[in-house]
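Below is the file upload31.txt, which contains compact mmCIF, C-alpha atoms.
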```txt
# COMPACT_ATOMS: atom_id res chain seq x y z
CA MET A 25 70.11 -5.05 -48.67
CA SER A 26 66.59 -4.67 -50.07
CA LYS A 27 63.92 -2.57 -48.37
CA PRO A 28 61.33 -4.28 -46.12
CA PHE A 29 58.22 -5.64 -47.87
CA PRO A 30 55.82 -2.80 -46.94
CA GLN A 31 58.10 -0.20 -48.50
CA HIS A 32 57.70 -1.89 -51.89
CA LEU A 33 53.90 -1.71 -51.92
CA ASN A 34 53.40 1.55 -53.82
CA ASP A 35 55.89 0.55 -56.52
CA PHE A 36 54.19 -2.84 -56.85
CA LEU A 37 50.73 -1.29 -57.25
CA GLU A 38 52.03 1.19 -59.82
CA TYR A 39 53.62 -1.71 -61.71
CA CYS A 40 50.27 -3.58 -61.69
CA GLU A 41 48.38 -0.57 -63.01
CA VAL A 42 50.86 0.82 -65.54
CA GLU A 43 52.99 -2.08 -66.74
CA LYS A 44 50.52 -4.94 -66.38
CA GLY A 45 47.48 -2.84 -67.31
CA LEU A 46 45.28 -4.19 -64.51
CA SER A 47 42.02 -2.45 -63.70
CA LEU A 48 41.79 -0.08 -60.75
CA ASN A 49 39.52 -2.52 -58.89
CA THR A 50 42.03 -5.34 -59.34
CA VAL A 51 44.89 -3.13 -58.14
CA LYS A 52 42.85 -2.19 -55.05
CA SER A 53 42.19 -5.88 -54.38
CA TYR A 54 45.89 -6.69 -54.68
CA SER A 55 46.66 -3.89 -52.24
CA ARG A 56 44.15 -5.23 -49.73
CA PHE A 57 45.31 -8.84 -50.09
CA VAL A 58 49.03 -8.03 -49.86
CA GLN A 59 48.43 -5.96 -46.74
CA LYS A 60 47.07 -9.09 -45.07
CA PHE A 61 50.60 -10.46 -45.45
CA PHE A 62 51.91 -7.26 -43.85
CA SER A 63 49.55 -7.84 -40.91
CA TRP A 64 51.06 -11.27 -40.41
CA LEU A 65 54.58 -9.81 -40.58
CA LYS A 66 53.68 -7.27 -37.92
CA GLU A 67 52.11 -9.89 -35.69
CA GLN A 68 55.27 -12.01 -36.00
CA LYS A 69 57.49 -8.96 -35.38
CA LEU A 70 58.93 -9.33 -38.88
CA GLU A 71 58.14 -5.82 -40.14
CA ARG A 72 61.74 -5.40 -41.32
CA LEU A 73 61.73 -8.62 -43.35
CA SER A 74 62.97 -7.94 -46.89
CA PRO A 75 62.15 -9.91 -50.07
CA GLU A 76 65.62 -11.47 -50.17
CA ASP A 77 65.14 -12.85 -46.64
CA LEU A 78 61.79 -14.54 -47.30
CA THR A 79 61.91 -18.33 -46.84
CA GLU A 80 59.59 -21.27 -47.44
CA SER A 81 59.17 -21.49 -43.68
CA HIS A 82 57.77 -17.94 -43.62
CA VAL A 83 55.27 -18.82 -46.35
CA SER A 84 54.26 -22.03 -44.60
CA LYS A 85 53.60 -20.18 -41.33
CA TYR A 86 51.65 -17.49 -43.17
CA ARG A 87 49.41 -20.15 -44.74
CA VAL A 88 48.70 -21.67 -41.33
CA TRP A 89 47.91 -18.18 -39.98
CA LEU A 90 45.49 -17.54 -42.87
CA SER A 91 43.72 -20.85 -42.32
CA ARG A 92 42.98 -19.84 -38.72
CA ARG A 93 41.68 -16.32 -39.41
CA PRO A 94 38.06 -15.84 -38.23
CA ASN A 95 35.52 -15.33 -40.99
CA ILE A 96 33.59 -12.14 -40.26
CA VAL A 97 31.65 -12.15 -43.55
CA ARG A 98 30.33 -15.66 -44.18
CA HIS A 99 29.11 -17.11 -40.91
CA ALA A 100 28.70 -20.57 -42.43
CA PHE A 101 32.50 -20.79 -42.28
CA PRO A 102 34.13 -20.07 -38.89
CA THR A 103 37.47 -19.37 -40.57
CA LEU A 104 38.45 -17.83 -43.90
CA HIS A 105 36.95 -19.74 -46.80
CA PRO A 106 39.60 -21.70 -48.76
CA SER A 107 38.91 -19.63 -51.88
CA THR A 108 39.62 -16.45 -49.89
CA GLN A 109 42.87 -17.91 -48.58
CA ILE A 110 43.84 -18.68 -52.17
CA ARG A 111 43.28 -15.04 -53.18
CA TYR A 112 45.71 -13.90 -50.49
CA LEU A 113 48.30 -16.41 -51.67
CA ILE A 114 47.85 -15.44 -55.33
CA ALA A 115 48.40 -11.79 -54.37
CA LEU A 116 51.60 -12.69 -52.52
CA ARG A 117 52.78 -14.71 -55.50
CA SER A 118 52.13 -11.72 -57.78
CA PHE A 119 54.11 -9.58 -55.35
CA LEU A 120 57.07 -11.97 -55.68
CA SER A 121 56.69 -11.95 -59.48
CA TYR A 122 57.10 -8.19 -59.37
CA PHE A 123 60.40 -8.57 -57.48
CA HIS A 124 61.68 -11.05 -60.05
CA GLU A 125 60.66 -8.69 -62.84
CA LYS A 126 62.65 -5.90 -61.16
CA ASN A 127 65.66 -8.19 -60.45
CA ILE A 128 65.13 -8.01 -56.69
CA PRO A 129 66.18 -11.35 -55.15
CA THR A 130 63.42 -13.25 -53.36
CA LEU A 131 61.79 -16.66 -53.00
CA PRO A 132 60.74 -18.32 -56.31
CA THR A 133 57.02 -17.92 -56.98
CA GLU A 134 56.56 -21.68 -57.39
CA LYS A 135 57.31 -22.04 -53.68
CA ILE A 136 53.88 -20.56 -52.99
CA LYS A 137 51.78 -23.57 -53.86
CA LEU A 138 48.03 -23.44 -54.36
CA PRO A 139 45.64 -26.37 -53.82
CA LYS A 140 45.88 -28.72 -56.79
CA ASP A 141 42.11 -28.82 -57.28
CA ARG A 142 41.77 -25.04 -57.54
CA LYS A 143 40.64 -25.11 -61.18
CA GLU A 144 38.39 -28.09 -60.50
CA ARG A 145 36.42 -26.37 -57.75
CA LEU A 146 32.73 -27.07 -57.67
CA ILE A 147 30.81 -24.77 -59.97
CA LYS A 148 27.36 -24.04 -58.63
CA PHE A 149 24.70 -23.43 -61.25
CA LEU A 150 20.93 -23.65 -61.53
CA ASP A 151 19.02 -26.11 -63.68
CA ILE A 152 16.03 -25.06 -65.78
CA GLU A 153 13.45 -25.82 -63.08
CA GLN A 154 15.40 -23.88 -60.44
CA LEU A 155 15.75 -20.95 -62.84
CA ARG A 156 12.01 -20.98 -63.50
CA ARG A 157 11.23 -20.86 -59.77
CA LEU A 158 13.79 -18.11 -59.24
CA PHE A 159 12.42 -15.94 -62.06
CA GLU A 160 8.83 -16.35 -60.88
CA SER A 161 9.58 -15.37 -57.27
CA PRO A 162 9.42 -11.51 -57.56
CA ASN A 163 6.03 -9.79 -57.29
CA THR A 164 5.88 -8.11 -60.69
CA GLU A 165 2.82 -6.08 -59.71
CA THR A 166 5.22 -3.61 -58.08
CA VAL A 167 7.95 -1.54 -59.70
CA SER A 168 10.58 -2.99 -57.35
CA GLY A 169 9.39 -6.49 -58.24
CA LEU A 170 9.66 -5.66 -61.93
CA ARG A 171 13.18 -4.39 -61.31
CA ASP A 172 14.11 -7.60 -59.52
CA ARG A 173 12.69 -9.80 -62.28
CA ALA A 174 14.59 -7.74 -64.88
CA VAL A 175 17.80 -8.07 -62.85
CA LEU A 176 17.49 -11.87 -62.65
CA GLU A 177 16.56 -12.24 -66.31
CA ALA A 178 19.36 -9.92 -67.48
CA LEU A 179 22.03 -11.72 -65.44
CA PHE A 180 21.10 -15.10 -66.92
CA SER A 181 20.50 -13.82 -70.45
CA THR A 182 23.80 -11.94 -70.80
CA GLY A 183 26.27 -13.57 -68.40
CA LEU A 184 27.18 -10.08 -67.20
CA ARG A 185 29.32 -9.68 -64.11
CA VAL A 186 27.40 -8.05 -61.27
CA ALA A 187 29.48 -4.84 -61.43
CA GLU A 188 28.84 -4.63 -65.18
CA LEU A 189 25.09 -4.92 -64.63
CA ALA A 190 25.07 -2.34 -61.84
CA ALA A 191 26.89 0.15 -64.10
CA LEU A 192 24.27 0.06 -66.89
CA ASN A 193 22.31 3.22 -67.70
CA THR A 194 18.73 3.44 -68.96
CA LYS A 195 19.74 5.25 -72.16
CA GLN A 196 21.86 2.23 -73.15
CA LEU A 197 18.66 0.18 -73.31
CA ALA A 198 16.46 2.90 -74.85
CA SER A 199 16.79 1.58 -78.40
CA ALA A 200 15.79 -1.90 -77.22
CA LEU A 201 12.27 -0.79 -76.28
CA ASN A 202 11.04 -1.08 -79.86
CA ARG A 203 13.07 -4.12 -80.85
CA ASP A 204 12.73 -7.87 -80.39
CA ASP A 205 16.46 -8.49 -80.16
CA PHE A 206 19.23 -6.42 -78.67
CA GLU A 207 22.98 -6.48 -78.25
CA LEU A 208 25.00 -4.16 -76.06
CA GLY A 209 28.65 -3.24 -75.93
CA VAL A 210 30.11 -3.25 -72.40
CA VAL A 211 33.56 -2.59 -71.01
CA GLY A 212 34.33 -5.39 -68.62
CA LYS A 213 37.01 -6.51 -66.22
CA GLY A 214 40.44 -5.10 -67.04
CA GLY A 215 38.92 -2.49 -69.37
CA TYR A 216 38.29 -5.01 -72.17
CA PRO A 217 35.18 -4.44 -74.34
CA ARG A 218 32.78 -7.16 -75.47
CA VAL A 219 29.24 -7.55 -76.77
CA VAL A 220 26.43 -9.11 -74.72
CA TYR A 221 23.03 -10.21 -75.95
CA PHE A 222 19.57 -10.03 -74.40
CA SER A 223 17.01 -12.77 -74.94
CA ASP A 224 13.42 -11.97 -75.91
CA ARG A 225 12.29 -12.85 -72.39
CA ALA A 226 14.89 -10.62 -70.74
CA LEU A 227 13.94 -7.73 -73.05
CA HIS A 228 10.25 -8.25 -72.22
CA TRP A 229 10.88 -7.72 -68.50
CA LEU A 230 13.35 -4.88 -69.02
CA LYS A 231 10.76 -3.04 -71.13
CA LYS A 232 8.02 -3.51 -68.53
CA TYR A 233 10.37 -2.28 -65.80
CA ILE A 234 11.58 0.79 -67.71
CA GLN A 235 8.03 1.76 -68.74
CA LYS A 236 6.92 1.55 -65.08
CA ARG A 237 9.64 3.95 -63.94
CA LYS A 238 8.46 7.47 -63.10
CA ASP A 239 11.86 9.05 -62.42
CA ASP A 240 14.66 10.52 -64.51
CA ASP A 241 17.61 8.78 -62.82
CA GLU A 242 20.18 7.77 -65.43
CA ALA A 243 20.90 4.42 -63.76
CA LEU A 244 19.08 1.40 -65.18
CA PHE A 245 18.63 -0.32 -61.83
CA ILE A 246 17.86 1.91 -58.86
CA ASN A 247 16.75 1.70 -55.23
CA PHE A 248 13.14 2.64 -54.58
CA LYS A 249 13.58 2.98 -50.82
CA GLY A 250 15.78 5.25 -48.75
CA PRO A 251 16.70 8.92 -49.14
CA LYS A 252 16.62 10.55 -52.54
CA LYS A 253 20.00 11.73 -53.78
CA ASP A 254 21.78 12.60 -57.03
CA SER A 255 21.56 8.99 -58.14
CA ARG A 256 19.87 6.03 -56.54
CA ARG A 257 21.86 3.52 -58.59
CA ILE A 258 21.70 0.15 -56.92
CA SER A 259 25.03 -1.11 -55.62
CA VAL A 260 26.76 -4.40 -56.37
CA ARG A 261 25.82 -5.53 -52.88
CA GLY A 262 22.22 -4.50 -53.54
CA ILE A 263 22.05 -6.80 -56.57
CA GLU A 264 23.67 -9.60 -54.59
CA MET A 265 20.96 -9.21 -51.94
CA ILE A 266 18.23 -9.38 -54.61
CA VAL A 267 19.56 -12.70 -55.91
CA GLU A 268 20.02 -14.07 -52.38
CA LYS A 269 16.46 -13.05 -51.41
CA TYR A 270 14.78 -14.83 -54.30
CA SER A 271 17.14 -17.78 -54.04
CA LYS A 272 15.67 -18.43 -50.59
CA MET A 273 12.10 -17.81 -51.77
CA ALA A 274 12.55 -20.23 -54.68
CA GLY A 275 13.84 -22.99 -52.41
CA ILE A 276 17.24 -23.22 -54.07
CA PRO A 277 19.28 -25.72 -51.98
CA PHE A 278 22.21 -23.30 -51.74
CA LEU A 279 22.50 -19.52 -51.54
CA ALA A 280 22.69 -18.34 -55.14
CA THR A 281 24.64 -15.23 -56.12
CA PRO A 282 24.87 -13.13 -59.30
CA HIS A 283 27.90 -15.24 -60.21
CA THR A 284 25.73 -18.35 -59.91
CA LEU A 285 23.60 -16.96 -62.74
CA ARG A 286 26.77 -16.24 -64.75
CA HIS A 287 27.81 -19.86 -64.15
CA SER A 288 24.32 -20.98 -65.19
CA PHE A 289 24.54 -18.93 -68.38
CA ALA A 290 27.89 -20.48 -69.33
CA THR A 291 26.90 -24.02 -68.35
CA ASP A 292 23.66 -23.80 -70.34
CA LEU A 293 25.62 -22.77 -73.46
CA MET A 294 28.18 -25.54 -72.97
CA ASN A 295 25.49 -28.18 -72.44
CA LYS A 296 23.90 -27.12 -75.73
CA GLY A 297 27.15 -27.67 -77.59
CA VAL A 298 28.42 -24.10 -77.93
CA ASP A 299 32.17 -24.02 -78.62
CA LEU A 300 34.37 -23.16 -75.65
CA ARG A 301 35.96 -20.24 -77.50
CA ILE A 302 32.53 -18.70 -78.12
CA VAL A 303 31.63 -19.06 -74.43
CA GLN A 304 34.95 -17.38 -73.61
CA GLU A 305 33.92 -14.40 -75.77
CA PHE A 306 30.47 -14.21 -74.17
CA LEU A 307 31.98 -14.19 -70.68
CA GLY A 308 34.77 -11.75 -71.48
CA HIS A 309 37.52 -14.09 -70.26
CA ARG A 310 40.97 -13.05 -71.46
CA ASN A 311 42.36 -16.55 -70.90
CA ILE A 312 40.69 -19.71 -72.24
CA ALA A 313 41.92 -21.55 -69.13
CA THR A 314 39.45 -19.53 -67.05
CA THR A 315 36.57 -20.74 -69.22
CA GLN A 316 37.73 -24.34 -69.05
CA ILE A 317 36.38 -24.69 -65.51
CA TYR A 318 33.01 -25.33 -67.17
CA THR A 319 34.24 -28.36 -69.11
CA HIS A 320 34.40 -30.29 -65.82
CA VAL A 321 30.67 -29.67 -65.27
CA THR A 322 29.59 -30.35 -68.83
CA SER A 323 31.73 -33.48 -69.12
CA LYS A 324 29.68 -35.03 -66.31
CA HIS A 325 26.49 -33.94 -68.07
CA LEU A 326 27.61 -35.60 -71.31
CA ARG A 327 28.65 -38.71 -69.38
CA ASP A 328 25.17 -38.98 -67.86
CA ILE A 329 23.55 -38.61 -71.30
CA HIS A 330 25.84 -41.27 -72.76
CA LYS A 331 25.05 -43.65 -69.92
CA LYS A 332 21.30 -43.06 -70.29
CA PHE A 333 21.00 -43.28 -74.07
CA HIS A 334 24.01 -45.33 -75.17
CA GLY A 335 24.47 -47.95 -72.48
CA GLY A 336 24.58 -50.84 -74.92
CA GLU A 337 21.33 -52.45 -73.73
CA GLY A 338 20.03 -55.09 -76.10
CA LEU A 339 23.41 -56.04 -77.57
```

When written as structure tokens, how does the structure in this file appear?
Amino acid sequence: MSKPFPQHLNDFLEYCEVEKGLSLNTVKSYSRFVQKFFSWLKEQKLERLSPEDLTESHVSKYRVWLSRRPNIVRHAFPTLHPSTQIRYLIALRSFLSYFHEKNIPTLPTEKIKLPKDRKERLIKFLDIEQLRRLFESPNTETVSGLRDRAVLEALFSTGLRVAELAALNTKQLASALNRDDFELGVVGKGGYPRVVYFSDRALHWLKKYIQKRKDDDEALFINFKGPKKDSRRISVRGIEMIVEKYSKMAGIPFLATPHTLRHSFATDLMNKGVDLRIVQEFLGHRNIATTQIYTHVTSKHLRDIHKKFHGGEGL
């Protein structure tokens, strides 16, 4: 008889890190998501349940339990957001995949079904007018306002993930101060390298921000308030709060996030006819299927253009 689920956790995480080559952050996320399943097992007095004893009924009850969990992060949703529920289910499915890989009998992974419209979820992005209002919201007479403008411009110009932006150091941008164009090598999600590019406008604001700095902190984006310490590097959450703040000030009809600017970057490229494979490279997606979520948005855009300019009037 196989061991209970919780006793397989360490082996599963090691498998994810070593054999699948997942990043440390992804492994930590899997650990957190799988332990939600353990919480359900404990609540149902099923702590001794082993992989070989898992049934579709168990999975069904777990899904109902997830759908009723209170949402303590996003108050707009009283219960866990559907996308969060999906992450928990994906983690459980990966857990089962591990058992199959190790020849440990358990429920087939296809029994854990995800919503059919998962890859057609609504992509929120900003149009040109919304971007203009967003970029013009910070008070660039202050160093913190210059930082915020540079953050917004850099996110849209490069399509960087928020963690990638937060990790940048000033010395990486030093050579850009005397140039009109700049490209930068970054190591992204999963430890995969790629090159990102800064527009003239983004470089303009980055230069103004760096030149205004009077400190020697190695981090590119820092906090200007709070206690001084070894490094005042701004956190991922700090950048998220910057985008949220100016999203409200600019009158954006939804709460924008750093990922909204990444979506806007990709959608802008797609709308201008850039090949999907090129957009995939810019975004650092390992799988083209991940990038294909933008085709749903741009297809509607092309449809609207066709209707407006090629409706057949006058025939």

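Each of A:Gly212, A:Pro217, A:Pro282, A:Gly262 was compared to Asn247 of chain A using all atoms listed in the file, and A:Gly262 turns out to be the nearest.
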
Legend entry - Contacts of Ile263 of chain A within 8 Å, all atoms listed in the file, excl. fewer than 3 positions in-chain, as a ChimeraX atom specification: /A:175,186,190,258-260,266-267,282

C-alpha atoms of the current selection, written as a compact mmCIF listing (two decimals), in the coordinates of the input:
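Saved file again-v7.txt follows:
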```txt
# COMPACT_ATOMS: atom_id res chain seq x y z
CA VAL A 175 17.80 -8.07 -62.85
CA VAL A 186 27.40 -8.05 -61.27
CA ALA A 190 25.07 -2.34 -61.84
CA ILE A 258 21.70 0.15 -56.92
CA SER A 259 25.03 -1.11 -55.62
CA VAL A 260 26.76 -4.40 -56.37
CA ILE A 266 18.23 -9.38 -54.61
CA VAL A 267 19.56 -12.70 -55.91
CA PRO A 282 24.87 -13.13 -59.30
```

Legend entry - Proximity to Val210 of chain A - best of A:Gln196, A:Thr79, A:Asn95, A:Asn49, all atoms listed in the file: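 The closest residue to Val210 of chain A is A:Gln196.
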
Inset, instruction - Determine the nearest neighbour of Pro277 of chain A from the options A:Leu158, A:Lys135, A:Val220, A:Phe245, counting all atoms listed in the file. - result: A:Leu158

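In this comparison, which uses all atoms listed in the file, the residue of A:Tyr54, A:Phe29, A:Ser223, A:Pro106 approaching Glu41 of chain A most closely is A:Tyr54.
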